[in-house]
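Pasting protein_2.txt here (compact mmCIF, C-alpha atoms and all ligand atoms):
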```txt
# COMPACT_ATOMS: atom_id res chain seq x y z
CA MET A 91 81.93 99.52 66.56
CA CYS A 92 80.31 102.50 68.13
CA GLY A 93 81.24 106.15 68.33
CA SER A 94 81.95 108.77 70.97
CA VAL A 95 82.34 112.53 70.66
CA GLY A 96 82.99 115.27 73.19
CA TYR A 97 83.29 119.04 72.95
CA VAL A 98 84.02 122.02 75.15
CA GLY A 99 84.67 125.49 73.82
CA THR A 100 83.14 128.46 72.13
CA ARG A 101 80.75 126.92 69.60
CA PRO A 102 77.22 125.64 70.21
CA ALA A 103 78.01 122.12 71.43
CA VAL A 104 74.88 120.17 70.55
CA PRO A 105 74.85 120.72 66.74
CA LEU A 106 78.59 119.97 66.70
CA LEU A 107 78.05 116.72 68.64
CA VAL A 108 75.14 115.62 66.43
CA GLN A 109 77.16 116.40 63.30
CA GLY A 110 80.10 114.49 64.78
CA LEU A 111 77.91 111.45 65.46
CA ARG A 112 76.62 111.63 61.91
CA ARG A 113 80.22 111.36 60.68
CA LEU A 114 80.64 108.23 62.83
CA GLU A 115 77.42 106.59 61.61
CA TYR A 116 79.31 104.51 59.03
CA ARG A 117 80.65 102.46 61.95
CA GLY A 118 77.16 101.12 62.68
CA TYR A 119 75.00 101.58 65.79
CA ASP A 120 71.67 100.67 67.34
CA SER A 121 70.96 103.71 69.54
CA ALA A 122 72.30 107.21 70.07
CA GLY A 123 72.35 110.06 72.55
CA VAL A 124 73.84 113.37 73.63
CA ALA A 125 74.43 115.07 76.98
CA TYR A 126 74.99 118.80 77.36
CA PHE A 127 75.11 121.48 80.02
CA ASN A 128 72.01 123.57 80.56
CA GLU A 129 72.42 126.18 83.32
CA GLY A 130 74.91 124.08 85.27
CA ARG A 131 72.93 120.84 85.00
CA ILE A 132 73.65 118.11 82.49
CA GLU A 133 70.67 117.05 80.37
CA ILE A 134 70.65 113.78 78.46
CA GLN A 135 68.58 113.08 75.34
CA LYS A 136 68.85 109.58 73.92
CA SER A 137 66.91 107.02 71.95
CA GLU A 138 67.02 103.54 70.55
CA GLY A 139 67.27 103.47 66.76
CA ARG A 140 68.54 106.22 64.50
CA LEU A 141 70.27 109.47 65.36
CA GLU A 142 67.23 111.24 63.82
CA ASN A 143 65.22 110.14 66.87
CA VAL A 144 67.58 112.12 69.09
CA GLU A 145 67.40 115.11 66.73
CA ARG A 146 63.61 114.94 66.90
CA ILE A 147 63.73 115.02 70.72
CA LEU A 148 66.14 117.97 70.64
CA GLY A 149 63.89 119.74 68.15
CA SER A 150 60.95 119.37 70.52
CA LEU A 151 62.87 121.14 73.30
CA PRO A 152 63.61 124.56 71.80
CA GLY A 153 65.82 126.79 73.90
CA ARG A 154 67.19 123.99 76.05
CA ALA A 155 70.34 123.03 74.20
CA GLU A 156 71.29 126.20 72.30
CA ALA A 157 73.37 127.76 75.05
CA ALA A 158 75.41 124.62 75.70
CA ARG A 159 79.12 124.93 74.96
CA CYS A 160 80.08 121.58 76.43
CA GLY A 161 78.77 118.06 75.96
CA ILE A 162 79.31 114.48 74.87
CA GLY A 163 77.58 112.15 72.42
CA HIS A 164 77.48 108.48 71.50
CA THR A 165 76.30 105.94 68.98
CA ARG A 166 76.01 102.53 70.65
CA TRP A 167 76.60 99.05 69.35
CA ALA A 168 75.16 96.98 72.17
CA THR A 169 77.41 94.36 73.74
CA HIS A 170 75.91 94.22 77.26
CA GLY A 171 72.14 94.59 77.37
CA LYS A 172 69.48 95.11 74.73
CA PRO A 173 69.53 98.03 72.25
CA THR A 174 66.98 100.05 74.22
CA THR A 175 66.73 103.72 75.12
CA GLN A 176 67.46 102.85 78.76
CA ASN A 177 70.72 101.16 77.78
CA ALA A 178 71.70 103.89 75.29
CA HIS A 179 74.54 106.23 76.27
CA PRO A 180 75.23 108.77 77.77
CA HIS A 181 74.73 107.27 81.25
CA ARG A 182 74.34 109.36 84.37
CA THR A 183 75.49 108.47 87.88
CA GLY A 184 74.91 111.41 90.20
CA HIS A 185 76.88 114.37 88.87
CA VAL A 186 78.90 112.16 86.48
CA VAL A 187 77.80 111.55 82.88
CA LEU A 188 79.73 109.30 80.49
CA VAL A 189 79.93 107.53 77.18
CA HIS A 190 81.91 104.34 76.66
CA ASN A 191 83.25 102.39 73.68
CA GLY A 192 84.16 98.73 74.04
CA ILE A 193 83.81 96.19 76.78
CA ILE A 194 84.48 96.09 80.53
CA GLU A 195 85.52 92.48 80.94
CA ASN A 196 85.36 92.38 84.74
CA TYR A 197 81.90 94.02 84.80
CA GLN A 198 80.23 91.16 86.71
CA GLU A 199 82.67 91.44 89.57
CA ILE A 200 82.41 95.27 89.55
CA LYS A 201 78.60 95.09 89.49
CA LYS A 202 78.48 92.63 92.39
CA ASP A 203 80.77 94.85 94.48
CA LEU A 204 78.83 98.04 93.62
CA ILE A 205 75.52 96.43 94.60
CA ALA A 206 77.08 95.19 97.83
CA ARG A 207 78.08 98.81 98.54
CA GLY A 208 74.47 99.92 98.06
CA HIS A 209 74.54 101.20 94.46
CA ARG A 210 71.66 100.50 92.09
CA PRO A 211 72.59 100.50 88.37
CA GLN A 212 69.65 101.50 86.15
CA SER A 213 70.75 99.87 82.89
CA GLU A 214 71.94 96.45 81.77
CA THR A 215 75.21 97.87 80.43
CA ASP A 216 78.74 97.36 81.61
CA SER A 217 79.34 101.04 80.80
CA GLU A 218 77.08 102.54 83.46
CA LEU A 219 79.07 100.80 86.19
CA PHE A 220 82.06 102.99 85.42
CA GLY A 221 80.11 106.06 86.51
CA PHE A 222 79.68 104.64 90.02
CA LEU A 223 83.42 103.99 90.23
CA VAL A 224 84.15 107.60 89.22
CA LEU A 225 81.60 108.89 91.73
CA GLU A 226 83.20 106.85 94.51
CA GLU A 227 86.67 108.08 93.58
CA MET A 228 85.45 111.69 93.54
CA GLU A 229 84.21 111.28 97.10
CA HIS A 230 87.86 110.90 98.11
CA GLU A 231 89.61 112.72 95.25
CA SER A 232 87.93 116.01 94.52
CA GLY A 233 88.92 116.21 90.84
CA LEU A 234 87.17 114.68 87.83
CA VAL A 235 90.47 113.93 86.07
CA GLU A 236 91.90 112.02 88.99
CA GLY A 237 88.54 110.36 89.67
CA VAL A 238 88.29 109.12 86.07
CA ARG A 239 91.92 108.03 86.02
CA ARG A 240 91.70 106.04 89.23
CA ALA A 241 88.34 104.49 88.35
CA PHE A 242 89.56 103.50 84.90
CA ARG A 243 92.46 101.59 86.39
CA LYS A 244 89.92 99.21 87.96
CA LEU A 245 88.62 98.18 84.53
CA GLU A 246 89.79 95.17 82.54
CA GLY A 247 89.26 95.01 78.79
CA ALA A 248 89.76 97.20 75.75
CA CYS A 249 87.71 100.35 75.92
CA SER A 250 87.65 104.12 75.93
CA VAL A 251 85.48 106.61 77.83
CA VAL A 252 84.55 110.28 77.63
CA VAL A 253 83.24 111.84 80.84
CA ILE A 254 81.79 115.15 82.08
CA SER A 255 80.61 116.19 85.53
CA GLU A 256 78.27 118.84 86.94
CA ARG A 257 80.92 119.39 89.60
CA GLU A 258 83.44 120.51 87.00
CA PRO A 259 81.66 122.15 84.09
CA GLY A 260 84.01 123.14 81.31
CA ILE A 261 86.16 120.05 81.13
CA VAL A 262 85.81 116.86 79.12
CA VAL A 263 87.95 113.92 80.18
CA GLY A 264 88.74 111.02 77.83
CA VAL A 265 90.72 107.84 78.30
CA ARG A 266 91.96 105.52 75.63
CA ASN A 267 92.85 101.95 76.40
CA GLY A 268 91.98 99.87 73.39
CA SER A 269 89.15 101.51 71.47
CA PRO A 270 90.58 104.49 69.55
CA LEU A 271 90.26 108.10 70.69
CA VAL A 272 91.37 111.18 68.79
CA ALA A 273 91.64 114.75 70.14
CA ALA A 274 92.02 118.21 68.64
CA VAL A 275 92.20 121.84 69.69
CA ASP A 276 89.31 123.94 68.35
CA PRO A 277 90.97 126.84 66.48
CA LEU A 278 88.15 129.09 67.76
CA GLY A 279 88.92 128.10 71.36
CA GLY A 280 88.20 124.78 73.02
CA ALA A 281 88.81 121.11 72.48
CA MET A 282 87.18 118.10 70.92
CA VAL A 283 87.55 114.35 71.15
CA ALA A 284 86.09 111.56 69.03
CA SER A 285 86.45 107.88 68.20
CA ASP A 286 88.10 108.76 64.92
CA ALA A 287 89.28 111.85 63.08
CA GLN A 288 86.17 112.21 60.88
CA PRO A 289 84.23 114.54 63.22
CA LEU A 290 87.33 116.69 63.85
CA VAL A 291 88.82 117.30 60.40
CA GLU A 292 86.09 119.71 59.45
CA TYR A 293 87.43 122.07 62.15
CA THR A 294 91.16 121.35 62.03
CA ARG A 295 93.74 119.18 60.26
CA ASP A 296 95.79 119.02 63.43
CA VAL A 297 94.53 115.93 65.26
CA TYR A 298 96.17 113.85 67.94
CA PHE A 299 95.69 110.07 68.09
CA LEU A 300 95.87 109.02 71.73
CA GLU A 301 98.07 106.08 72.67
CA HIS A 302 96.78 103.28 74.86
CA GLY A 303 96.94 104.32 78.48
CA GLU A 304 96.59 108.05 77.85
CA VAL A 305 94.13 110.43 79.47
CA VAL A 306 93.11 113.60 77.61
CA ILE A 307 91.62 116.65 79.29
CA GLY A 308 89.82 119.12 77.04
CA SER A 309 88.92 122.63 78.20
CA THR A 310 88.39 126.09 76.70
CA SER A 311 92.17 126.52 76.86
CA GLY A 312 92.86 123.42 74.76
CA LEU A 313 94.21 119.96 75.51
CA LYS A 314 96.28 118.41 78.28
CA PHE A 315 97.40 114.83 78.55
CA VAL A 316 98.25 112.67 81.54
CA ASP A 317 99.49 109.14 81.84
CA LEU A 318 96.80 106.68 82.94
CA ALA A 319 99.14 104.67 85.18
CA SER A 320 101.02 107.51 86.93
CA GLY A 321 98.73 110.53 86.55
CA LYS A 322 101.78 112.56 85.49
CA PRO A 323 101.52 115.07 82.61
N1 LIG A 401 79.63 97.75 76.15
C1 LIG A 401 78.88 98.97 76.02
C2 LIG A 401 77.40 98.74 75.88
O1 LIG A 401 76.96 97.65 75.60
C3 LIG A 401 79.41 99.86 74.91
C4 LIG A 401 79.13 99.28 73.56
C5 LIG A 401 79.69 100.13 72.46
O2 LIG A 401 80.91 100.15 72.31
O3 LIG A 401 78.86 100.76 71.78
O4 LIG A 401 76.66 99.65 76.10
```

Mind converting the file's structure to structure tokens?
Amino acid sequence: MCGSVGYVGTRPAVPLLVQGLRRLEYRGYDSAGVAYFNEGRIEIQKSEGRLENVERILGSLPGRAEAARCGIGHTRWATHGKPTTQNAHPHRTGHVVLVHNGIIENYQEIKKDLIARGHRPQSETDSELFGFLVLEEMEHESGLVEGVRRAFRKLEGACSVVVISEREPGIVVGVRNGSPLVAAVDPLGGAMVASDAQPLVEYTRDVYFLEHGEVVIGSTSGLKFVDLASGKP
């Protein structure tokens, strides 16, 4: 079982994400990573092995992550591909960056179709493929929320995702369909999501456990929810 976290709001995002991942460590993992906004671009720092490896990388880049108020993080338990840095999450596809818990059962079919359409996945994971689907949807649908929702409907299997995009800084989109996802409003302004309540309860006791088939949108103004199937609030 792996762990995902996401944050957008008023606090420094990277320490909050790292602390959140630490609270999910009990679930077990083989690699870890974070992604955060730095001057409009999303930077990813990840590593095989312990979360400390990621902290060491972050520590060697002073000034890069401090300003970030939005980001996502992940501890991976490899199911598709070796536990390497390359396969560690977050994964980037163009302006889309994501973390994923669980398994995409129809990944072979999706991969074959993506390659036929000219895409070149960089990792061995099933997870990375989802980013290409979101990217394709966003070529037609301008919004990240609708792009994630539509792309997610092409997946089979029990999983959850948390996604950010350079095209829409300031929102974090999560979907639960199988693997658990919990969301909360940051009392200081903002929103957080995580695989369980552990990373959130230090900020608030008021946490929301998503149902299967729910999409959560976190922003500085809090949380919104839409239905995965219909897209309706
Ligand atoms: N199936 C994905 C992978 O192998 C996610 C695994 C997980 O839930 O950590 O990267």

Shell of 6 Å around Val224 (chain A), all atoms listed in the file, local chain residues under 4 positions omitted, as a count of residues only: 3

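In terms of minimum interatomic distance to Leu278 (chain A), A:Thr100 ranks closest within A:Thr100, A:Asp296, A:Val95, A:Arg146, counting all atoms listed in the file.
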
Site check for ligand LIG 401 (chain A): residues at most 7 Å away, all atoms listed in the file, as number ranges by chain: A: 91-93, 165-171, 177-179, 190-194, 215-217

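CA of Asn128 (chain A) is positioned 13.0 Å from CA of Ile254 (chain A).
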
Residue with smallest distance to Ala103 (chain A) - pool A:Ala287, A:Ile147, A:Met282, A:Leu223, counting only C-alpha atoms: A:Met282

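A straight line drawn from CA of Val262 (chain A) to CA of Gln109 (chain A) is 18.0 Å long.
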
Given all atoms listed in the file as the counted atoms, nearest of A:Val187, A:Val316, A:Cys160, A:Val283 to Arg101 (chain A):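 Closest candidate: A:Cys160.
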
Residue neighbourhood Gln288 (chain A), 10 Å, all atoms listed in the file, exclusion window fewer than 6 positions, as a ChimeraX atom specification: /A:110-114,272

Close residues, Arg295 (chain A) itself excluded, 9 Å, only C-alpha atoms, min 4 positions apart in chain, as a list in words: Ala274, Leu290 and Val291 of chain A

All residues 10 Å or closer to Glu301 (chain A), all atoms listed in the file, same chain fewer than 3 positions away omitted, as a ChimeraX atom specification: /A:265-268,270-272,298,304-305,317

Gap from CA of Leu313 (chain A) to CA of Arg159 (chain A) - Å, one decimal: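 One can read the CA of Leu313 (chain A) to CA of Arg159 (chain A) distance as 15.9 Å.
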
Nearest candidate to His181 (chain A) (options A:Lys136, A:Arg239, A:Lys202, A:Arg117; using only C-alpha atoms): A:Lys136

Pick from A:Phe299, A:Phe127, A:Tyr97, A:Tyr119 nearest to Ser255 (chain A), counting all atoms listed in the file: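 Distance minimum relative to Ser255 (chain A) lands on A:Phe127.
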
Selected residue, from A:Gly312, A:Pro102, A:Ala206, A:Val263, that lies nearest to Ala157 (chain A) when counting only C-alpha atoms: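 Ranking A:Gly312, A:Pro102, A:Ala206, A:Val263 by distance to Ala157 (chain A), first place goes to A:Pro102.
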
Sphere at (70.4, 112.2, 77.1), radius 10 Å, counting only C-alpha atoms: residues as a ChimeraX atom specification: /A:122-126,132-137,144,147-148,162-164,175-176,178-182,187
